[in-house]
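Asker: The structure under discussion is supplied below as C-alpha cells; questions concerning it will follow.
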Amino acid sequence: MSEVVIIGAGVIGTATAHALVQRGITDITILDRDSVGSGGTGKSAGIIRCHYGVTSIAALALCSREFFENAAEIVGTDIGFEQVGYLVGVGADNVEPFRASLANQRSIGVETLEIGHAEVKELWPTAHLDDFATFCLEPGGGYGDGYATAQALATSLRGHGVTIRQGAAVAAIVSDGDKVTGVKLADGEVVPAGTVLVAAGPWSMPLLSPLGIELPIAPAFVQEVVIDPGMDLGAPPVFSDLVSMQYVHMRGGEMLFGNSSGQGSVRPVTDPDVYPNHATNEAIEATAEKAMHRFPGIEDPRVSTTSTGVIDLTPDNNPIISATDYAGLYLAVGMSGHGFKTAPAIGRLTAELILDGETTIPNVKASDFRLSRFAEGDLLVSPYVYKGAMGIR
Ligand SMILES: Cc1cc2nc3c(=O)[nH]c(=O)nc-3n(C[C@H](O)[C@H](O)[C@H](O)COP(=O)(O)OP(=O)(O)OC[C@H]3O[C@@H](n4cnc5c(N)ncnc54)[C@H](O)[C@@H]3O)c2cc1C
C-alpha cells in the first residue's frame, strides 16, 4: 500500500512528488508505462516565461522560475536552464492587449520592460524589425530542458525513498464506491493507494472514462523546425514574434522554431501514440518562409532537423488541476502545450490540493483550474487576447 500513487513520470508527476516530499510525504509510487520524461516532457521546447494574461498562470510561472533558478541546490543537479531572457514583439493590432497584460504581470511581481527597436536590434542583429510596433523583454525568462528536469527530479525523489516504476502501465483506476483504492497494472497487479493522482498527459482520458469522468482533452501533435544559421548568433533571448506568429530560441548554436498561432503546426490526433515523428513539408515550408522574412541577416540557413511531440489541449488551453467526485482521486492534466514552465508550481499546487484543499502560492486561485469549469461554461481565458495567437499568452 502506498500513501500516494502517481500515474505518469513526466515533469508534472515528478514535480508533484517533489512537492509532496517537501511536505514530508515520501510513501509515494510513481508508475510510468514507458520511462521518466518519455512523454511530452522529453519533446518540449522548454521555453520559460511569465508572459501570461491569466493571472494564476503568470503567478505559477513566476513561482516555478524560483525552482529553475535554484534547481542545482534544490534537486542537486543542473537542469539546463539558460536564462537568456524572453523577448516579445507585437504588431500595431496587438499593442493594447500587450500593454494591459504587461501591467497585470508587473502587478504580481514579474519584471518585464517595454523596449524599442534599437534595443532589440542589439539583441538580434540579424532580424528585420520594421513590422513590429513594440517589444518587451522579460530578463528572467529563457529556456530549459524538460527531459533533464524530469530526470533530475526523479533522481532526487529516489534519494528520498520514492519508488519510480518504469515500464509499469496502468490499465485501470480501482475504486470502492466513491473512494479510490489504488490502480491495476496492465499485467493484472494491483497497487493499492489511499490517493491516486492522474498525470498521464494526453493518455489520461481512457483511465478516467470508466469512472464516468470525461476529460475535455484533445490530443494534438506539435511540430518544430531546427535551422542551422551557418553563423554564430551568440545567446540572444528567446524571441516570441507575434507578427509572424512564431517563436525561436537557440539550442546548441542552432535555431529552434515553433508556431505561435497553432494554425497548421498543431494538428489533432485520435491516438496520442500515432503521429509523424518529423514535421510535415507544409510546416517546414511555412517555417522557412517566416524565418527568411524575419531573419534576412542570416545568409546561409538550412533546415538541420525537425521534431514533433504530442500535447493535451483543453477547450481554454489551460490545465486541469482538480479534485474529483471520488475521494482520493486527483487530476493534473491538460497542460495544453505549456506545462513545462509552470510544472514546479503546478506540482506544489497539486500537492497542496491533496493535503490542504487550497493553495498558498501567491496570486494563484486553485479553483481557476477545477475540472467543473468546462461544464459550468466558466473558461479560464486571458482578458488580454492577442489577435491571431494561440490562447496560451
Ligand atoms: C513539441 C513540444 C514543445 C513544447 N514546448 C513547450 C515550451 O516551450 N514551454 C512549456 O512550458 N511547455 C512546452 N511544451 C509542453 C510541455 O512540455 C508539457 O505540457 C509537459 O511536459 C507535460 O508534462 P506531463 O507530465 O503533463 O505529461 P507527459 O510528459 O506527457 O507525461 C505523461 C507520462 O504519463 C505516462 N503514461 C501515460 N499513460 C500511462 C499509463 N496508462 N500508465 C502509466 N504511465 C502512463 C507517459 O509514458 C508519460 O511519461 C511543449 C510540448 C511539446 C510536445
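Starting from 1 in every chain, residues are counted up; chains themselves are A, B, ... following the order of the C-alpha cells, and ligands are numbered from 1 as listed.
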Can you tell me which residues sit at most 6 Å away from ligand 1, counting only C-alpha atoms and all ligand atoms, written as a PyMOL selection string?

Answerer: chain A and resi 7-13+31-41+43-48+168-171+199-201+203+222+308-311+333+335-341

Asker: Keeping only N, CA and C atoms, write the selected residues as a short mmCIF file (atom, residue, chain, number, x, y, z; two decimals), in the first residue's frame.

Answerer:
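The result, stored in selection.cif:
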data_model
loop_
_atom_site.label_atom_id
_atom_site.label_comp_id
_atom_site.auth_asym_id
_atom_site.auth_seq_id
_atom_site.Cartn_x
_atom_site.Cartn_y
_atom_site.Cartn_z
N ILE A 7 0.26 8.45 -11.51
CA ILE A 7 0.31 7.82 -12.84
C ILE A 7 0.96 8.81 -13.79
N GLY A 8 2.18 8.51 -14.25
CA GLY A 8 2.88 9.38 -15.19
C GLY A 8 4.12 10.00 -14.57
N ALA A 9 5.28 9.70 -15.17
CA ALA A 9 6.55 10.25 -14.68
C ALA A 9 7.07 11.32 -15.62
N GLY A 10 6.14 12.20 -16.06
CA GLY A 10 6.57 13.39 -16.79
C GLY A 10 6.95 14.46 -15.78
N VAL A 11 7.12 15.68 -16.27
CA VAL A 11 7.56 16.74 -15.37
C VAL A 11 6.47 17.08 -14.34
N ILE A 12 5.19 16.84 -14.69
CA ILE A 12 4.11 17.15 -13.75
C ILE A 12 4.06 16.10 -12.63
N GLY A 13 4.14 14.83 -12.99
CA GLY A 13 4.11 13.77 -11.97
C GLY A 13 5.31 13.88 -11.04
N LEU A 31 4.24 5.56 -11.31
CA LEU A 31 4.18 4.49 -12.31
C LEU A 31 4.22 5.11 -13.70
N ASP A 32 5.09 4.62 -14.54
CA ASP A 32 5.09 5.10 -15.92
C ASP A 32 5.11 3.91 -16.88
N ARG A 33 4.26 3.97 -17.86
CA ARG A 33 4.17 2.86 -18.83
C ARG A 33 5.47 2.75 -19.63
N ASP A 34 6.20 3.87 -19.73
CA ASP A 34 7.44 3.89 -20.51
C ASP A 34 8.58 4.28 -19.55
N SER A 35 9.10 5.48 -19.67
CA SER A 35 10.19 5.87 -18.78
C SER A 35 10.05 7.33 -18.38
N VAL A 36 10.87 7.74 -17.41
CA VAL A 36 10.82 9.12 -16.91
C VAL A 36 11.05 10.11 -18.07
N GLY A 37 10.13 11.04 -18.26
CA GLY A 37 10.31 12.09 -19.27
C GLY A 37 10.07 11.65 -20.70
N SER A 38 9.49 10.46 -20.88
CA SER A 38 9.33 9.93 -22.24
C SER A 38 8.14 10.52 -23.00
N GLY A 39 7.26 11.23 -22.30
CA GLY A 39 6.09 11.82 -22.97
C GLY A 39 6.42 13.21 -23.53
N GLY A 40 5.43 14.11 -23.47
CA GLY A 40 5.64 15.46 -23.98
C GLY A 40 6.84 16.15 -23.32
N THR A 41 7.10 15.80 -22.08
CA THR A 41 8.20 16.41 -21.32
C THR A 41 9.53 16.32 -22.07
N LYS A 43 10.02 16.10 -25.17
CA LYS A 43 9.99 16.70 -26.52
C LYS A 43 9.89 18.22 -26.44
N SER A 44 9.79 18.74 -25.22
CA SER A 44 9.44 20.15 -25.02
C SER A 44 10.49 21.11 -25.54
N ALA A 45 10.02 22.25 -26.09
CA ALA A 45 10.95 23.33 -26.46
C ALA A 45 11.50 23.97 -25.19
N GLY A 46 10.80 23.81 -24.10
CA GLY A 46 11.33 24.23 -22.80
C GLY A 46 11.34 25.72 -22.54
N ILE A 47 10.51 26.48 -23.25
CA ILE A 47 10.54 27.93 -23.04
C ILE A 47 9.99 28.28 -21.66
N ILE A 48 10.70 29.19 -21.01
CA ILE A 48 10.34 29.63 -19.65
C ILE A 48 10.08 31.13 -19.69
N ALA A 168 5.67 0.32 -16.30
CA ALA A 168 4.53 -0.13 -15.49
C ALA A 168 3.28 0.62 -15.95
N ALA A 169 2.58 0.04 -16.92
CA ALA A 169 1.40 0.70 -17.49
C ALA A 169 0.18 0.48 -16.62
N VAL A 170 -0.50 1.55 -16.26
CA VAL A 170 -1.74 1.43 -15.50
C VAL A 170 -2.88 1.14 -16.49
N ALA A 171 -3.63 0.07 -16.20
CA ALA A 171 -4.76 -0.27 -17.07
C ALA A 171 -6.06 0.31 -16.53
N ALA A 199 -1.54 11.97 -13.86
CA ALA A 199 -0.68 12.97 -14.50
C ALA A 199 -0.11 12.33 -15.77
N ALA A 200 -1.01 11.75 -16.54
CA ALA A 200 -0.59 10.94 -17.70
C ALA A 200 -0.76 11.68 -19.02
N GLY A 201 -0.77 13.01 -18.97
CA GLY A 201 -0.80 13.82 -20.19
C GLY A 201 -1.92 13.40 -21.11
N TRP A 203 -2.62 10.78 -22.46
CA TRP A 203 -3.07 9.38 -22.30
C TRP A 203 -4.01 9.24 -21.11
N VAL A 222 2.49 18.58 -32.21
CA VAL A 222 3.12 19.88 -32.40
C VAL A 222 4.40 19.66 -33.20
N THR A 308 8.71 16.48 -33.42
CA THR A 308 7.29 16.56 -33.10
C THR A 308 7.05 15.99 -31.70
N GLY A 309 5.93 16.35 -31.13
CA GLY A 309 5.56 15.78 -29.83
C GLY A 309 4.06 15.92 -29.70
N VAL A 310 3.51 15.21 -28.71
CA VAL A 310 2.06 15.26 -28.56
C VAL A 310 1.69 16.02 -27.29
N ILE A 311 0.66 16.84 -27.38
CA ILE A 311 0.20 17.64 -26.25
C ILE A 311 -1.27 17.35 -25.97
N VAL A 333 -3.70 17.40 -15.36
CA VAL A 333 -3.71 17.00 -16.77
C VAL A 333 -4.06 18.22 -17.65
N MET A 335 -2.22 20.02 -19.90
CA MET A 335 -1.26 21.14 -19.84
C MET A 335 -1.26 21.98 -21.12
N SER A 336 -1.87 21.48 -22.16
CA SER A 336 -2.15 22.27 -23.38
C SER A 336 -0.91 22.88 -24.03
N GLY A 337 0.20 22.17 -23.92
CA GLY A 337 1.40 22.60 -24.66
C GLY A 337 2.21 23.67 -23.98
N HIS A 338 1.89 23.99 -22.69
CA HIS A 338 2.74 24.97 -21.99
C HIS A 338 2.94 24.60 -20.53
N GLY A 339 3.06 23.31 -20.28
CA GLY A 339 3.14 22.84 -18.89
C GLY A 339 4.54 22.66 -18.35
N PHE A 340 5.57 22.94 -19.14
CA PHE A 340 6.92 22.78 -18.60
C PHE A 340 7.26 23.94 -17.67
N LYS A 341 7.06 25.15 -18.16
CA LYS A 341 7.49 26.34 -17.40
C LYS A 341 6.74 26.51 -16.08
#

Asker: Can you tell me, as a PDB file with N, CA, C and O atoms, in the first residue's frame, which residues in region 181-370 of chain A count as alpha helix (DSSP H) by DSSP?

Answerer:
ATOM      1  N   MET A 205      -7.214  10.283 -20.629  1.00  0.00           N
ATOM      2  CA  MET A 205      -8.675  10.182 -20.799  1.00  0.00           C
ATOM      3  C   MET A 205      -9.220   8.762 -20.608  1.00  0.00           C
ATOM      4  O   MET A 205     -10.198   8.576 -19.871  1.00  0.00           O
ATOM      5  N   PRO A 206      -8.610   7.734 -21.247  1.00  0.00           N
ATOM      6  CA  PRO A 206      -9.194   6.391 -21.078  1.00  0.00           C
ATOM      7  C   PRO A 206      -9.078   5.837 -19.665  1.00  0.00           C
ATOM      8  O   PRO A 206      -9.790   4.898 -19.313  1.00  0.00           O
ATOM      9  N   LEU A 207      -8.199   6.420 -18.850  1.00  0.00           N
ATOM     10  CA  LEU A 207      -8.104   5.953 -17.459  1.00  0.00           C
ATOM     11  C   LEU A 207      -9.301   6.440 -16.643  1.00  0.00           C
ATOM     12  O   LEU A 207      -9.675   5.820 -15.642  1.00  0.00           O
ATOM     13  N   LEU A 208      -9.904   7.555 -17.078  1.00  0.00           N
ATOM     14  CA  LEU A 208     -10.957   8.174 -16.276  1.00  0.00           C
ATOM     15  C   LEU A 208     -12.369   7.887 -16.769  1.00  0.00           C
ATOM     16  O   LEU A 208     -13.310   7.870 -15.979  1.00  0.00           O
ATOM     17  N   ASN A 281       6.058  18.578 -44.672  1.00  0.00           N
ATOM     18  CA  ASN A 281       6.663  19.534 -45.618  1.00  0.00           C
ATOM     19  C   ASN A 281       5.995  20.883 -45.518  1.00  0.00           C
ATOM     20  O   ASN A 281       6.640  21.929 -45.599  1.00  0.00           O
ATOM     21  N   GLU A 282       4.668  20.847 -45.328  1.00  0.00           N
ATOM     22  CA  GLU A 282       3.901  22.095 -45.230  1.00  0.00           C
ATOM     23  C   GLU A 282       4.416  22.951 -44.062  1.00  0.00           C
ATOM     24  O   GLU A 282       4.645  24.162 -44.198  1.00  0.00           O
ATOM     25  N   ALA A 283       4.638  22.295 -42.917  1.00  0.00           N
ATOM     26  CA  ALA A 283       5.116  23.034 -41.734  1.00  0.00           C
ATOM     27  C   ALA A 283       6.541  23.537 -41.957  1.00  0.00           C
ATOM     28  O   ALA A 283       6.887  24.657 -41.555  1.00  0.00           O
ATOM     29  N   ILE A 284       7.364  22.724 -42.612  1.00  0.00           N
ATOM     30  CA  ILE A 284       8.750  23.140 -42.860  1.00  0.00           C
ATOM     31  C   ILE A 284       8.772  24.356 -43.788  1.00  0.00           C
ATOM     32  O   ILE A 284       9.475  25.340 -43.538  1.00  0.00           O
ATOM     33  N   GLU A 285       7.957  24.278 -44.851  1.00  0.00           N
ATOM     34  CA  GLU A 285       7.946  25.399 -45.813  1.00  0.00           C
ATOM     35  C   GLU A 285       7.423  26.681 -45.159  1.00  0.00           C
ATOM     36  O   GLU A 285       7.977  27.772 -45.364  1.00  0.00           O
ATOM     37  N   ALA A 286       6.361  26.540 -44.338  1.00  0.00           N
ATOM     38  CA  ALA A 286       5.805  27.730 -43.676  1.00  0.00           C
ATOM     39  C   ALA A 286       6.846  28.332 -42.734  1.00  0.00           C
ATOM     40  O   ALA A 286       7.025  29.553 -42.671  1.00  0.00           O
ATOM     41  N   THR A 287       7.568  27.470 -42.011  1.00  0.00           N
ATOM     42  CA  THR A 287       8.601  27.970 -41.082  1.00  0.00           C
ATOM     43  C   THR A 287       9.720  28.650 -41.846  1.00  0.00           C
ATOM     44  O   THR A 287      10.181  29.742 -41.464  1.00  0.00           O
ATOM     45  N   ALA A 288      10.165  28.015 -42.935  1.00  0.00           N
ATOM     46  CA  ALA A 288      11.278  28.588 -43.707  1.00  0.00           C
ATOM     47  C   ALA A 288      10.900  29.961 -44.242  1.00  0.00           C
ATOM     48  O   ALA A 288      11.690  30.909 -44.183  1.00  0.00           O
ATOM     49  N   GLU A 289       9.645  30.079 -44.713  1.00  0.00           N
ATOM     50  CA  GLU A 289       9.208  31.366 -45.267  1.00  0.00           C
ATOM     51  C   GLU A 289       9.204  32.462 -44.184  1.00  0.00           C
ATOM     52  O   GLU A 289       9.729  33.562 -44.382  1.00  0.00           O
ATOM     53  N   LYS A 290       8.648  32.126 -43.037  1.00  0.00           N
ATOM     54  CA  LYS A 290       8.601  33.103 -41.942  1.00  0.00           C
ATOM     55  C   LYS A 290      10.012  33.436 -41.461  1.00  0.00           C
ATOM     56  O   LYS A 290      10.324  34.591 -41.143  1.00  0.00           O
ATOM     57  N   ALA A 291      10.865  32.416 -41.369  1.00  0.00           N
ATOM     58  CA  ALA A 291      12.231  32.626 -40.864  1.00  0.00           C
ATOM     59  C   ALA A 291      13.017  33.526 -41.814  1.00  0.00           C
ATOM     60  O   ALA A 291      13.769  34.408 -41.378  1.00  0.00           O
ATOM     61  N   MET A 292      12.829  33.331 -43.127  1.00  0.00           N
ATOM     62  CA  MET A 292      13.566  34.153 -44.093  1.00  0.00           C
ATOM     63  C   MET A 292      13.091  35.608 -44.042  1.00  0.00           C
ATOM     64  O   MET A 292      13.874  36.539 -44.209  1.00  0.00           O
ATOM     65  N   HIS A 293      11.770  35.768 -43.805  1.00  0.00           N
ATOM     66  CA  HIS A 293      11.245  37.135 -43.660  1.00  0.00           C
ATOM     67  C   HIS A 293      11.836  37.802 -42.412  1.00  0.00           C
ATOM     68  O   HIS A 293      12.252  38.959 -42.449  1.00  0.00           O
ATOM     69  N   ARG A 294      11.863  37.084 -41.319  1.00  0.00           N
ATOM     70  CA  ARG A 294      12.261  37.684 -40.040  1.00  0.00           C
ATOM     71  C   ARG A 294      13.777  37.850 -39.903  1.00  0.00           C
ATOM     72  O   ARG A 294      14.249  38.766 -39.247  1.00  0.00           O
ATOM     73  N   ALA A 343       5.544  23.760 -14.359  1.00  0.00           N
ATOM     74  CA  ALA A 343       5.478  22.457 -13.690  1.00  0.00           C
ATOM     75  C   ALA A 343       5.874  22.490 -12.207  1.00  0.00           C
ATOM     76  O   ALA A 343       5.163  21.901 -11.378  1.00  0.00           O
ATOM     77  N   PRO A 344       6.975  23.157 -11.835  1.00  0.00           N
ATOM     78  CA  PRO A 344       7.320  23.106 -10.403  1.00  0.00           C
ATOM     79  C   PRO A 344       6.192  23.652  -9.521  1.00  0.00           C
ATOM     80  O   PRO A 344       5.874  23.065  -8.478  1.00  0.00           O
ATOM     81  N   ALA A 345       5.566  24.757  -9.951  1.00  0.00           N
ATOM     82  CA  ALA A 345       4.478  25.327  -9.139  1.00  0.00           C
ATOM     83  C   ALA A 345       3.203  24.500  -9.269  1.00  0.00           C
ATOM     84  O   ALA A 345       2.429  24.393  -8.310  1.00  0.00           O
ATOM     85  N   ILE A 346       2.979  23.904 -10.440  1.00  0.00           N
ATOM     86  CA  ILE A 346       1.805  23.023 -10.564  1.00  0.00           C
ATOM     87  C   ILE A 346       1.980  21.828  -9.625  1.00  0.00           C
ATOM     88  O   ILE A 346       1.022  21.360  -8.999  1.00  0.00           O
ATOM     89  N   GLY A 347       3.211  21.355  -9.494  1.00  0.00           N
ATOM     90  CA  GLY A 347       3.482  20.280  -8.527  1.00  0.00           C
ATOM     91  C   GLY A 347       3.102  20.714  -7.124  1.00  0.00           C
ATOM     92  O   GLY A 347       2.437  19.985  -6.381  1.00  0.00           O
ATOM     93  N   ARG A 348       3.504  21.929  -6.766  1.00  0.00           N
ATOM     94  CA  ARG A 348       3.184  22.433  -5.416  1.00  0.00           C
ATOM     95  C   ARG A 348       1.680  22.630  -5.246  1.00  0.00           C
ATOM     96  O   ARG A 348       1.100  22.252  -4.222  1.00  0.00           O
ATOM     97  N   LEU A 349       1.039  23.191  -6.270  1.00  0.00           N
ATOM     98  CA  LEU A 349      -0.412  23.404  -6.216  1.00  0.00           C
ATOM     99  C   LEU A 349      -1.142  22.062  -6.042  1.00  0.00           C
ATOM    100  O   LEU A 349      -2.063  21.934  -5.220  1.00  0.00           O
ATOM    101  N   THR A 350      -0.707  21.064  -6.814  1.00  0.00           N
ATOM    102  CA  THR A 350      -1.362  19.745  -6.747  1.00  0.00           C
ATOM    103  C   THR A 350      -1.155  19.123  -5.363  1.00  0.00           C
ATOM    104  O   THR A 350      -2.096  18.581  -4.760  1.00  0.00           O
ATOM    105  N   ALA A 351       0.076  19.226  -4.853  1.00  0.00           N
ATOM    106  CA  ALA A 351       0.354  18.668  -3.523  1.00  0.00           C
ATOM    107  C   ALA A 351      -0.495  19.377  -2.470  1.00  0.00           C
ATOM    108  O   ALA A 351      -1.052  18.741  -1.566  1.00  0.00           O
ATOM    109  N   GLU A 352      -0.624  20.696  -2.592  1.00  0.00           N
ATOM    110  CA  GLU A 352      -1.423  21.440  -1.605  1.00  0.00           C
ATOM    111  C   GLU A 352      -2.906  21.104  -1.724  1.00  0.00           C
ATOM    112  O   GLU A 352      -3.612  21.019  -0.717  1.00  0.00           O
ATOM    113  N   LEU A 353      -3.366  20.871  -2.957  1.00  0.00           N
ATOM    114  CA  LEU A 353      -4.779  20.453  -3.134  1.00  0.00           C
ATOM    115  C   LEU A 353      -5.019  19.129  -2.417  1.00  0.00           C
ATOM    116  O   LEU A 353      -6.041  18.939  -1.747  1.00  0.00           O
ATOM    117  N   ILE A 354      -4.062  18.196  -2.609  1.00  0.00           N
ATOM    118  CA  ILE A 354      -4.211  16.872  -1.988  1.00  0.00           C
ATOM    119  C   ILE A 354      -4.173  16.986  -0.458  1.00  0.00           C
ATOM    120  O   ILE A 354      -4.990  16.384   0.241  1.00  0.00           O
ATOM    121  N   LEU A 355      -3.252  17.787   0.057  1.00  0.00           N
ATOM    122  CA  LEU A 355      -3.041  17.818   1.509  1.00  0.00           C
ATOM    123  C   LEU A 355      -3.940  18.822   2.228  1.00  0.00           C
ATOM    124  O   LEU A 355      -4.345  18.590   3.362  1.00  0.00           O
ATOM    125  N   ASP A 356      -4.225  19.959   1.577  1.00  0.00           N
ATOM    126  CA  ASP A 356      -4.925  21.047   2.276  1.00  0.00           C
ATOM    127  C   ASP A 356      -6.228  21.469   1.601  1.00  0.00           C
ATOM    128  O   ASP A 356      -6.995  22.227   2.186  1.00  0.00           O
TER     129      ASP A 356
END

Asker: Can you build me a table of region 197-276 of chain A residues sitting at most 8 Å from region 384-391 of chain A, with the closest atom pair per residue and its distance in Å to one decimal, using only C-alpha atoms, sorted by chain and residue number, as a Markdown table?

Answerer:
| residue | atom | partner | partner_atom | distance |
| --- | --- | --- | --- | --- |
| A:Leu242 | CA | A:Ala389 | CA | 7.0 |
| A:Met245 | CA | A:Ala389 | CA | 6.6 |
| A:Ser260 | CA | A:Ala389 | CA | 5.8 |
| A:Ser261 | CA | A:Ala389 | CA | 4.3 |
| A:Gly262 | CA | A:Met390 | CA | 5.7 |

Asker: I need the strand (DSSP E) residues of region 179-369 of chain A per DSSP on the backbone, written as a ChimeraX atom specification.

Answerer: /A:179-185,190-198,218-228,238-242,246-251,254-259,266-268,302-313,320-323,329-333

Asker: Using only C-alpha atoms, can you tell me which of A:Leu215, A:Ile57, A:Cys50, A:Ala172 comes closest to Val110 (chain A)?

Answerer: A:Cys50

Asker: Would you give me, as a Markdown table, each residue of region 125-183 of chain A having an atom within 12 Å of an atom of region 15-26 of chain A, along with its shortest atom pair and that distance in Å to one decimal, using only C-alpha atoms and sorting by chain and residue number?

Answerer:
| residue | atom | partner | partner_atom | distance |
| --- | --- | --- | --- | --- |
| A:Gly146 | CA | A:Ala15 | CA | 11.4 |
| A:Thr149 | CA | A:Ala15 | CA | 9.1 |
| A:Ala150 | CA | A:Ala15 | CA | 7.7 |
| A:Gln151 | CA | A:Ala15 | CA | 10.6 |
| A:Ala152 | CA | A:Ala15 | CA | 10.2 |
| A:Leu153 | CA | A:Ala15 | CA | 6.8 |
| A:Ala154 | CA | A:His18 | CA | 8.5 |
| A:Thr155 | CA | A:His18 | CA | 10.5 |
| A:Ser156 | CA | A:His18 | CA | 8.1 |
| A:Leu157 | CA | A:His18 | CA | 6.4 |
| A:Arg158 | CA | A:Thr26 | CA | 9.7 |
| A:Gly159 | CA | A:Thr26 | CA | 10.2 |
| A:His160 | CA | A:Thr26 | CA | 6.7 |
| A:Gly161 | CA | A:Thr26 | CA | 6.3 |
| A:Val162 | CA | A:Thr26 | CA | 5.8 |
| A:Thr163 | CA | A:Thr26 | CA | 9.0 |
| A:Ile164 | CA | A:Ala17 | CA | 10.3 |

Asker: Taking N, CA and C atoms for each residue, export the selection above as a PDB file, in the first residue's frame.

Answerer:
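As written to disk, out_3.pdb reads:
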ATOM      1  N   GLY A 146      13.257  19.920 -20.582  1.00  0.00           N
ATOM      2  CA  GLY A 146      12.227  19.133 -19.914  1.00  0.00           C
ATOM      3  C   GLY A 146      12.719  17.772 -19.462  1.00  0.00           C
ATOM      4  N   THR A 149      15.090  18.019 -16.576  1.00  0.00           N
ATOM      5  CA  THR A 149      14.385  18.421 -15.355  1.00  0.00           C
ATOM      6  C   THR A 149      13.667  17.225 -14.724  1.00  0.00           C
ATOM      7  N   ALA A 150      12.951  16.454 -15.557  1.00  0.00           N
ATOM      8  CA  ALA A 150      12.243  15.279 -15.012  1.00  0.00           C
ATOM      9  C   ALA A 150      13.236  14.260 -14.455  1.00  0.00           C
ATOM     10  N   GLN A 151      14.336  14.065 -15.164  1.00  0.00           N
ATOM     11  CA  GLN A 151      15.342  13.110 -14.676  1.00  0.00           C
ATOM     12  C   GLN A 151      15.955  13.570 -13.361  1.00  0.00           C
ATOM     13  N   ALA A 152      16.236  14.882 -13.256  1.00  0.00           N
ATOM     14  CA  ALA A 152      16.835  15.401 -12.019  1.00  0.00           C
ATOM     15  C   ALA A 152      15.861  15.247 -10.849  1.00  0.00           C
ATOM     16  N   LEU A 153      14.584  15.549 -11.120  1.00  0.00           N
ATOM     17  CA  LEU A 153      13.572  15.382 -10.076  1.00  0.00           C
ATOM     18  C   LEU A 153      13.494  13.910  -9.653  1.00  0.00           C
ATOM     19  N   ALA A 154      13.523  13.008 -10.653  1.00  0.00           N
ATOM     20  CA  ALA A 154      13.407  11.573 -10.361  1.00  0.00           C
ATOM     21  C   ALA A 154      14.590  11.095  -9.507  1.00  0.00           C
ATOM     22  N   THR A 155      15.783  11.557  -9.832  1.00  0.00           N
ATOM     23  CA  THR A 155      16.967  11.147  -9.059  1.00  0.00           C
ATOM     24  C   THR A 155      16.832  11.619  -7.611  1.00  0.00           C
ATOM     25  N   SER A 156      16.399  12.875  -7.464  1.00  0.00           N
ATOM     26  CA  SER A 156      16.229  13.418  -6.118  1.00  0.00           C
ATOM     27  C   SER A 156      15.142  12.633  -5.354  1.00  0.00           C
ATOM     28  N   LEU A 157      14.062  12.299  -6.058  1.00  0.00           N
ATOM     29  CA  LEU A 157      12.959  11.567  -5.407  1.00  0.00           C
ATOM     30  C   LEU A 157      13.422  10.194  -4.910  1.00  0.00           C
ATOM     31  N   ARG A 158      14.199   9.510  -5.758  1.00  0.00           N
ATOM     32  CA  ARG A 158      14.692   8.181  -5.339  1.00  0.00           C
ATOM     33  C   ARG A 158      15.516   8.306  -4.059  1.00  0.00           C
ATOM     34  N   GLY A 159      16.287   9.386  -3.975  1.00  0.00           N
ATOM     35  CA  GLY A 159      17.099   9.633  -2.776  1.00  0.00           C
ATOM     36  C   GLY A 159      16.250   9.821  -1.529  1.00  0.00           C
ATOM     37  N   HIS A 160      14.996  10.213  -1.714  1.00  0.00           N
ATOM     38  CA  HIS A 160      14.092  10.391  -0.567  1.00  0.00           C
ATOM     39  C   HIS A 160      13.206   9.165  -0.358  1.00  0.00           C
ATOM     40  N   GLY A 161      13.488   8.089  -1.064  1.00  0.00           N
ATOM     41  CA  GLY A 161      12.748   6.853  -0.838  1.00  0.00           C
ATOM     42  C   GLY A 161      11.503   6.682  -1.688  1.00  0.00           C
ATOM     43  N   VAL A 162      11.288   7.589  -2.640  1.00  0.00           N
ATOM     44  CA  VAL A 162      10.119   7.439  -3.530  1.00  0.00           C
ATOM     45  C   VAL A 162      10.404   6.309  -4.532  1.00  0.00           C
ATOM     46  N   THR A 163       9.386   5.493  -4.797  1.00  0.00           N
ATOM     47  CA  THR A 163       9.539   4.398  -5.754  1.00  0.00           C
ATOM     48  C   THR A 163       9.100   4.869  -7.138  1.00  0.00           C
ATOM     49  N   ILE A 164       9.973   4.675  -8.129  1.00  0.00           N
ATOM     50  CA  ILE A 164       9.592   5.016  -9.505  1.00  0.00           C
ATOM     51  C   ILE A 164       9.672   3.735 -10.324  1.00  0.00           C
TER      52      ILE A 164
END

Asker: Report as a PDB file with N, CA and C atoms, in the first residue's frame all protein, DNA and RNA residues lying within 9 Å of Asp131 (chain A), evaluated on only C-alpha atoms, omitting residues in the same chain fewer than 4 positions from it.

Answerer:
ATOM      1  N   VAL A  90       5.188  42.666 -30.859  1.00  0.00           N
ATOM      2  CA  VAL A  90       3.808  42.664 -31.365  1.00  0.00           C
ATOM      3  C   VAL A  90       3.635  43.724 -32.446  1.00  0.00           C
ATOM      4  N   GLY A  91       2.627  43.515 -33.299  1.00  0.00           N
ATOM      5  CA  GLY A  91       2.263  44.498 -34.317  1.00  0.00           C
ATOM      6  C   GLY A  91       1.291  45.513 -33.736  1.00  0.00           C
ATOM      7  N   ALA A  92       0.933  46.507 -34.556  1.00  0.00           N
ATOM      8  CA  ALA A  92       0.073  47.605 -34.087  1.00  0.00           C
ATOM      9  C   ALA A  92      -1.264  47.082 -33.554  1.00  0.00           C
ATOM     10  N   VAL A 243       4.031  38.856 -34.692  1.00  0.00           N
ATOM     11  CA  VAL A 243       3.631  39.368 -36.008  1.00  0.00           C
ATOM     12  C   VAL A 243       3.627  38.188 -36.982  1.00  0.00           C
TER      13      VAL A 243
END
